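**Student:** Handing you a structure now.
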Amino acid sequence: MTFAPDAVAAWSLLDRRNVNWPVVYVLDDVPAAEATPGARRLSDVYVGESLNAAARMRQHLGSAEKSQLTSARFIVDDTFNKSVCLDLESYLIRMLAGDGAHRVLNRNDGIVEADYYDRERYRETFREVFDELKDEGLFTRTIPEIENSDLFKLSPFKALTQDQAAAVEDILEGLFEDLDAETGGAIVIQGDPGTGKTVVAIYLLKLLRDIAHSTPPEGLDSDSLFSDFFAEGFRELLTGKRIGLVVPQQSLRESIRKVFRRTPGLHPDMVLTAFDVGFAEEDFDLLIIDEAHRLNQRANQPSGVQNKNFRLITERLFGFDDKTKTQLDWIRAKSRHQILLVDTEQSVRPADISREELSAFVDRAKEERRHYPLMTQMRVRAGGDYVGYIRRVLGSVARDVRPQPFEGYDLRFFDSVAEMRDAIFSRDAEVGLSRVLAGYAWNWKSKNDKSAFDIEEQGQRFRWNSVQTDWVASPNSLSEVGSIHTVQGYDLNYAGVIIGPDLRYDPVKDKLFIDRESYFDAKGKENNPTLGKIYTDDDLLRYISNIYAVLLTRGILGTYVYVSDPELREHLRPYFGG
């Protein structure tokens with residue numbers, strides 16, 4: 001239907017459900033007659049739901065931000081209720097954002113993963129709705145293609161779990177109280193791998209931007225989770241406020257920037273390094289720091305330029321080159337409010353901020369009642385405490401850990417690395433997004449010699465990741481092996497993990513230990529003469545164990561394991577279903 005006053009007035013009289021029934025609708029900028037496969041793709045789209053769709057259309061017609069939209073589509077079903085419509089609205093918003101062909105104009109007003117009667121049956125019909133809209137040209141990719149994409153996984157329109165939603169609501173209340181009182185403060189969100197720390201970071205930033213740029217006349221439905229924060233007074237507290245998202249890892253940072261390029265209200269320049277913060281001319285009102293455990297202390301940086309910049313920033317902020325200052329200190333000096341998302345067990349290099357400093361920061365947040373734990377596992381569909389189980393198995397003494405089954409999760413142990421690789425190929429053909437990963441136990445020869453192979457195991461040869469950013473989605477990734485630096489913060493459907501000869505097992509002492517000569521991450525074992533720190537084998541064991549714990553918790557549907565060291569292979573076999 002044409003999205004115009006006369007057309008809406010005529011349509012409202014056609015069916016009583018148009019004025020008194022739960023309806024989901026899609027507004028876009030392509031006339032319905034042209035929305036056929038192969039037609040011009042949308043640039044702007046808005047999804048909504050209402051019990052009085054006709055009145056809601058008249059409201060939208062008066063909105064300046066929707067003045068360019070020309071077509072309206074309605075999803076009406078006699079069996080739909082309000083809960084179904086809210087769920088379908090959320091589903092379509094997420095899928096359209098993940099498709100990547102549109103700018104989704106919706107605001108983040110509180111999409112929550114809520115249950116309701118017969119939800120699974122209704123959700124089966126959502127795919128039918130998707131297929132019809134795809135036939136009309138609103139979607140350019142299939143459901144699996146969308147759900148496997150970074151645009152979908154890192155979308156600010158993700159549905160929040162109950163503990164995520166509770167954390168966001170409490171954080172907003174505390175932040176606005178601080179803004180009103182003109183006081184500063186720090187908040188910590190803590191969670192294991194897969195609990196959605198990055199989702200919360202992106203969601204929060206989008207929500208704050210939406211509140212700051214909200215238009216009071218249009219408003220939100222009163223049952224939206226965060227509707228109270230769009231009321232008068234909150235927008236004014238955010239007016240002119242400078243907000244940024246700090247992401248230490250290069251690959252994840254670039255993936256988030258791609259999402260921000262396609263999201264109204266967000267901009268890739270809002271995604272920062274710690275060095276960007278340190279050199280910024282103006283201070284920030286709020287910085288959200290994702291993967292804060294990957295911030296650096298003073299240590300030898302990857303380049304001479306970064307070493308120089310570390311010194312320059314420290315001198316600029318603190319008056320002299322105080323070598324005890326970390327990137328977290330920079331962030332606190334350059335911002336009035338901070339929100340840190342952390343997991344102290346995901347520190348993987350000696351240059352990362354020390355566990356002691358980060359733990360002290362977390363403890364202060366707990367004392368000040370500004371600590372929010374995320375508990376719900378959103379990634380690994382293994383049930384139980386899979387993440388905790390993996391960490392216990394990789395502990396230096398595992399004698400007290402009993403092998404545990406994870407029903408419905410495809411956890412397998414392989415004696416042949418070739419068979420594991422072939423199994424990953426098969427899973428990728430079936431569901432996509434399946435990759436082989438490894439610890440940094442082989443030198444990266446192919447970095448300078450593209451014809452060289454890096455990993456040789458059981459007569460099989462592999463190459464490390466040929467790109468360092470967005471490797472998971474790169475064309476050659478299926479035939480390569482990804483390192484920790486390419487996958488930390490990312491999801492896979494299946495992960496095939498090669499545990500290399502850097503990690504070994506002593507059956508006499510019943511302890512894991514590391515082979516320093518088989519660990520090729522130079523920055524991963526480098527001492528820190530600047531701070532007078534020498535890293536022992538026990539220190540490196542913690543980092544290497546953390547690396548493998550991260551790799552073994554990437555797979556949503558399954559994890560396959562191959563172990564190089566014969567003694568470690570037999571030790572780990574029972575823990576992975578071997």
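Ordered as shown in the structure tokens, chains take letters A, B, and onward, while each chain numbers its residues from 1 and ligands are numbered from 1 in the order shown.
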Give me the residues near Phe320 (chain A) as a PyMOL selection string, where near means some atom within 9 Å (using only C-alpha atoms) and where sequence neighbours in that chain fewer than 6 positions away do not count.
**Tutor:** chain A and resi 311-312+314
**Student:** Show me a table, sorted first by chain and then by increasing residue number, of the residues of region 172-236 of chain A having an atom at most 6 Å from region 353-376 of chain A, each with its shortest atom pair and the distance in Å to one decimal, counting only C-alpha atoms and written as a tab-separated table.
**Tutor:**
residue	atom	partner	partner_atom	distance
A:Ile187	CA	A:Arg370	CA	5.1
A:Val188	CA	A:His371	CA	4.9
A:Ile189	CA	A:Tyr372	CA	4.7
A:Gln190	CA	A:Pro373	CA	4.8
A:Gly191	CA	A:Leu374	CA	4.8
A:Thr195	CA	A:Thr376	CA	5.6
**Student:** Compare A:Leu540, A:Val23, A:Ile498, A:Ala212 by their minimum atom-to-atom distance to Lys241 (chain A), counting only C-alpha atoms, and give me the closest one.
**Tutor:** A:Ala212
**Student:** Quick one: DSSP helix (DSSP H, G or I) residues in region 306-516 of chain A, as an MDAnalysis selection string?
**Tutor:** chainID A and resid 306:318 327:334 344:346 355:367 386:393 417:431 445:447 471:473 477:479 484:487 516
**Student:** Any chance you can output those residues with C-alpha atoms as a CSV table (one decimal), in the first residue's frame?
**Tutor:**
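What landed in selection24.csv:
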chain,number,residue,atom,x,y,z
A,306,GLN,CA,53.1,3.0,19.5
A,307,ASN,CA,55.8,2.9,22.1
A,308,LYS,CA,56.5,6.6,21.5
A,309,ASN,CA,52.7,7.3,21.6
A,310,PHE,CA,52.3,5.5,24.8
A,311,ARG,CA,54.9,7.7,26.4
A,312,LEU,CA,53.5,10.9,24.8
A,313,ILE,CA,50.0,10.2,26.0
A,314,THR,CA,51.1,9.5,29.5
A,315,GLU,CA,53.2,12.7,29.6
A,316,ARG,CA,50.3,14.7,28.2
A,317,LEU,CA,47.8,13.4,30.7
A,318,PHE,CA,49.9,13.1,33.9
A,327,GLN,CA,45.5,2.5,29.2
A,328,LEU,CA,42.7,2.2,31.8
A,329,ASP,CA,44.3,5.2,33.5
A,330,TRP,CA,44.2,7.1,30.2
A,331,ILE,CA,40.5,6.4,29.9
A,332,ARG,CA,39.7,7.4,33.4
A,333,ALA,CA,41.7,10.7,32.9
A,334,LYS,CA,39.9,11.5,29.6
A,344,THR,CA,39.5,-11.3,33.8
A,345,GLU,CA,40.0,-14.9,32.5
A,346,GLN,CA,40.2,-13.7,28.9
A,355,ARG,CA,44.7,-9.2,36.6
A,356,GLU,CA,45.4,-7.6,40.0
A,357,GLU,CA,44.7,-4.0,38.8
A,358,LEU,CA,41.5,-5.1,36.9
A,359,SER,CA,40.3,-7.2,39.9
A,360,ALA,CA,40.8,-4.2,42.2
A,361,PHE,CA,38.7,-2.1,39.8
A,362,VAL,CA,36.0,-4.7,39.8
A,363,ASP,CA,36.1,-4.9,43.6
A,364,ARG,CA,35.6,-1.2,43.9
A,365,ALA,CA,32.6,-1.4,41.6
A,366,LYS,CA,31.1,-4.1,43.8
A,367,GLU,CA,31.6,-2.0,46.9
A,386,TYR,CA,30.2,-25.5,29.7
A,387,VAL,CA,32.5,-22.4,30.0
A,388,GLY,CA,33.3,-23.2,33.6
A,389,TYR,CA,33.9,-26.8,32.7
A,390,ILE,CA,36.4,-25.9,30.0
A,391,ARG,CA,38.3,-23.6,32.4
A,392,ARG,CA,38.5,-26.3,35.0
A,393,VAL,CA,39.7,-28.9,32.6
A,417,VAL,CA,43.7,-33.6,12.5
A,418,ALA,CA,42.7,-34.4,8.9
A,419,GLU,CA,39.4,-36.0,10.0
A,420,MET,CA,38.7,-33.0,12.2
A,421,ARG,CA,39.3,-30.6,9.4
A,422,ASP,CA,37.1,-32.6,7.0
A,423,ALA,CA,34.3,-32.7,9.7
A,424,ILE,CA,34.5,-28.9,9.9
A,425,PHE,CA,34.3,-28.6,6.1
A,426,SER,CA,31.1,-30.8,6.3
A,427,ARG,CA,29.6,-28.6,9.1
A,428,ASP,CA,30.3,-25.5,7.1
A,429,ALA,CA,28.5,-26.9,4.1
A,430,GLU,CA,25.5,-27.7,6.3
A,431,VAL,CA,25.2,-24.6,8.5
A,445,LYS,CA,55.9,-18.2,7.9
A,446,SER,CA,53.1,-17.3,5.4
A,447,LYS,CA,52.9,-13.8,6.7
A,471,TRP,CA,39.0,-13.1,9.1
A,472,VAL,CA,35.9,-15.3,10.0
A,473,ALA,CA,34.0,-13.8,7.0
A,477,SER,CA,39.0,-18.5,6.0
A,478,LEU,CA,37.5,-22.0,5.6
A,479,SER,CA,40.8,-23.3,4.2
A,484,ILE,CA,43.2,-16.1,19.1
A,485,HIS,CA,43.6,-12.6,17.7
A,486,THR,CA,41.1,-13.2,14.9
A,487,VAL,CA,38.3,-14.8,16.9
A,516,ARG,CA,58.1,-22.2,25.7
**Student:** A:Asp210, A:Leu92, A:Gln460, A:Tyr46: which is nearest Asp131 (chain A), counting only C-alpha atoms?
**Tutor:**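 Closest candidate: A:Leu92.
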**Student:** Between CA of Ala97 (chain A) and CA of Pro248 (chain A), what is the distance in Å, rounded to a tenth?
**Tutor:**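 Distance between the two atoms: 24.6 Å.
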**Student:** Determine, counting only C-alpha atoms, which protein, DNA and RNA residues have an atom within 12 Å of an atom of Trp444 (chain A); residues of the same chain fewer than 6 positions away are not included. Present the result as an MDAnalysis selection string.
**Tutor:** chainID A and resid 450:456 462:466 481:483 519:522
**Student:** Restricting the output to N, CA and C atoms, write the selected residues as a PDB file, in the first residue's frame.
**Tutor:**
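In the end it all went to out-v7.pdb:
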ATOM      1  N   LYS A 450      53.843 -16.055   1.025  1.00  0.00           N
ATOM      2  CA  LYS A 450      52.479 -16.528   0.829  1.00  0.00           C
ATOM      3  C   LYS A 450      52.416 -17.976   0.346  1.00  0.00           C
ATOM      4  N   SER A 451      53.514 -18.492  -0.170  1.00  0.00           N
ATOM      5  CA  SER A 451      53.518 -19.875  -0.646  1.00  0.00           C
ATOM      6  C   SER A 451      53.842 -20.868   0.471  1.00  0.00           C
ATOM      7  N   ALA A 452      54.283 -20.361   1.605  1.00  0.00           N
ATOM      8  CA  ALA A 452      54.702 -21.244   2.699  1.00  0.00           C
ATOM      9  C   ALA A 452      53.500 -21.754   3.485  1.00  0.00           C
ATOM     10  N   PHE A 453      53.676 -22.908   4.118  1.00  0.00           N
ATOM     11  CA  PHE A 453      52.699 -23.444   5.054  1.00  0.00           C
ATOM     12  C   PHE A 453      53.228 -23.226   6.463  1.00  0.00           C
ATOM     13  N   ASP A 454      52.332 -23.009   7.410  1.00  0.00           N
ATOM     14  CA  ASP A 454      52.730 -22.681   8.772  1.00  0.00           C
ATOM     15  C   ASP A 454      52.645 -23.889   9.703  1.00  0.00           C
ATOM     16  N   ILE A 455      51.544 -24.577   9.626  1.00  0.00           N
ATOM     17  CA  ILE A 455      51.260 -25.666  10.562  1.00  0.00           C
ATOM     18  C   ILE A 455      51.432 -27.000   9.858  1.00  0.00           C
ATOM     19  N   GLU A 456      52.267 -27.836  10.410  1.00  0.00           N
ATOM     20  CA  GLU A 456      52.433 -29.192   9.886  1.00  0.00           C
ATOM     21  C   GLU A 456      52.175 -30.173  11.021  1.00  0.00           C
ATOM     22  N   PHE A 462      48.803 -26.632   6.931  1.00  0.00           N
ATOM     23  CA  PHE A 462      47.819 -25.555   7.015  1.00  0.00           C
ATOM     24  C   PHE A 462      48.527 -24.205   6.994  1.00  0.00           C
ATOM     25  N   ARG A 463      47.758 -23.163   6.643  1.00  0.00           N
ATOM     26  CA  ARG A 463      48.261 -21.793   6.736  1.00  0.00           C
ATOM     27  C   ARG A 463      47.450 -21.035   7.775  1.00  0.00           C
ATOM     28  N   TRP A 464      48.159 -20.147   8.467  1.00  0.00           N
ATOM     29  CA  TRP A 464      47.476 -19.233   9.380  1.00  0.00           C
ATOM     30  C   TRP A 464      46.563 -18.294   8.595  1.00  0.00           C
ATOM     31  N   ASN A 465      45.742 -17.569   9.322  1.00  0.00           N
ATOM     32  CA  ASN A 465      44.840 -16.579   8.724  1.00  0.00           C
ATOM     33  C   ASN A 465      45.620 -15.598   7.855  1.00  0.00           C
ATOM     34  N   SER A 466      45.150 -15.399   6.625  1.00  0.00           N
ATOM     35  CA  SER A 466      45.839 -14.503   5.690  1.00  0.00           C
ATOM     36  C   SER A 466      45.478 -13.047   5.914  1.00  0.00           C
ATOM     37  N   VAL A 481      43.624 -21.436   9.159  1.00  0.00           N
ATOM     38  CA  VAL A 481      43.483 -21.652  10.600  1.00  0.00           C
ATOM     39  C   VAL A 481      43.526 -20.301  11.295  1.00  0.00           C
ATOM     40  N   GLY A 482      42.550 -20.028  12.136  1.00  0.00           N
ATOM     41  CA  GLY A 482      42.476 -18.743  12.825  1.00  0.00           C
ATOM     42  C   GLY A 482      43.165 -18.786  14.178  1.00  0.00           C
ATOM     43  N   SER A 483      43.793 -17.678  14.529  1.00  0.00           N
ATOM     44  CA  SER A 483      44.444 -17.560  15.841  1.00  0.00           C
ATOM     45  C   SER A 483      43.517 -16.850  16.813  1.00  0.00           C
ATOM     46  N   TYR A 519      55.926 -22.043  21.624  1.00  0.00           N
ATOM     47  CA  TYR A 519      54.980 -20.935  21.666  1.00  0.00           C
ATOM     48  C   TYR A 519      55.574 -19.775  20.884  1.00  0.00           C
ATOM     49  N   PHE A 520      54.932 -19.407  19.751  1.00  0.00           N
ATOM     50  CA  PHE A 520      55.550 -18.492  18.796  1.00  0.00           C
ATOM     51  C   PHE A 520      54.971 -17.084  18.802  1.00  0.00           C
ATOM     52  N   ASP A 521      54.115 -16.775  19.761  1.00  0.00           N
ATOM     53  CA  ASP A 521      53.630 -15.401  19.881  1.00  0.00           C
ATOM     54  C   ASP A 521      54.677 -14.609  20.663  1.00  0.00           C
ATOM     55  N   ALA A 522      55.496 -13.847  19.925  1.00  0.00           N
ATOM     56  CA  ALA A 522      56.599 -13.122  20.569  1.00  0.00           C
ATOM     57  C   ALA A 522      56.085 -12.190  21.664  1.00  0.00           C
TER      58      ALA A 522
END
**Student:** Run DSSP on the backbone and give me the residues of region 161-308 of chain A it puts in strand (DSSP E or B), as a tab-separated table (two decimals) with C-alpha atoms, in the first residue's frame.
**Tutor:**
chain	number	residue	atom	x	y	z
A	185	GLY	CA	31.75	7.30	38.22
A	186	ALA	CA	32.62	3.86	36.87
A	187	ILE	CA	30.42	0.83	36.21
A	188	VAL	CA	31.57	-2.76	35.61
A	189	ILE	CA	29.67	-5.40	33.64
A	190	GLN	CA	31.26	-8.81	34.12
A	191	GLY	CA	30.55	-12.05	32.30
A	243	ILE	CA	30.19	9.27	24.03
A	244	GLY	CA	32.52	6.65	22.58
A	245	LEU	CA	33.06	2.89	22.45
A	246	VAL	CA	36.62	1.65	23.07
A	271	VAL	CA	34.54	3.21	17.78
A	272	LEU	CA	37.95	3.99	19.28
A	284	PHE	CA	34.52	12.37	26.84
A	285	ASP	CA	31.42	12.39	28.99
A	286	LEU	CA	31.08	8.62	28.76
A	287	LEU	CA	33.31	5.85	27.45
A	288	ILE	CA	32.09	2.28	27.12
A	289	ILE	CA	35.04	-0.13	27.07
A	296	ASN	CA	47.40	-2.59	27.85
**Student:** Name the residues in contact with region 562-567 of chain A at a cut-off of 9 Å, using only C-alpha atoms, excluding same-chain residues fewer than 3 positions from it; report them as a ChimeraX atom specification.
**Tutor:** /A:412-417,420,457-458,496-507,570-573
**Student:** Using only C-alpha atoms, pick whichever of A:Asp515, A:Ala167, A:Ser251, A:Ser474 has the shortest atom-to-atom distance to Trp442 (chain A).
**Tutor:**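 Between A:Asp515, A:Ala167, A:Ser251, A:Ser474, the residue approaching Trp442 (chain A) most closely is A:Asp515.
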**Student:** Give the answer as one residue: which of A:Leu411, A:Val561, A:Ala54, A:Ala114 has the shortest atom-to-atom distance to Arg381 (chain A), using only C-alpha atoms?
**Tutor:**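 Nearest to Arg381 (chain A): A:Leu411.
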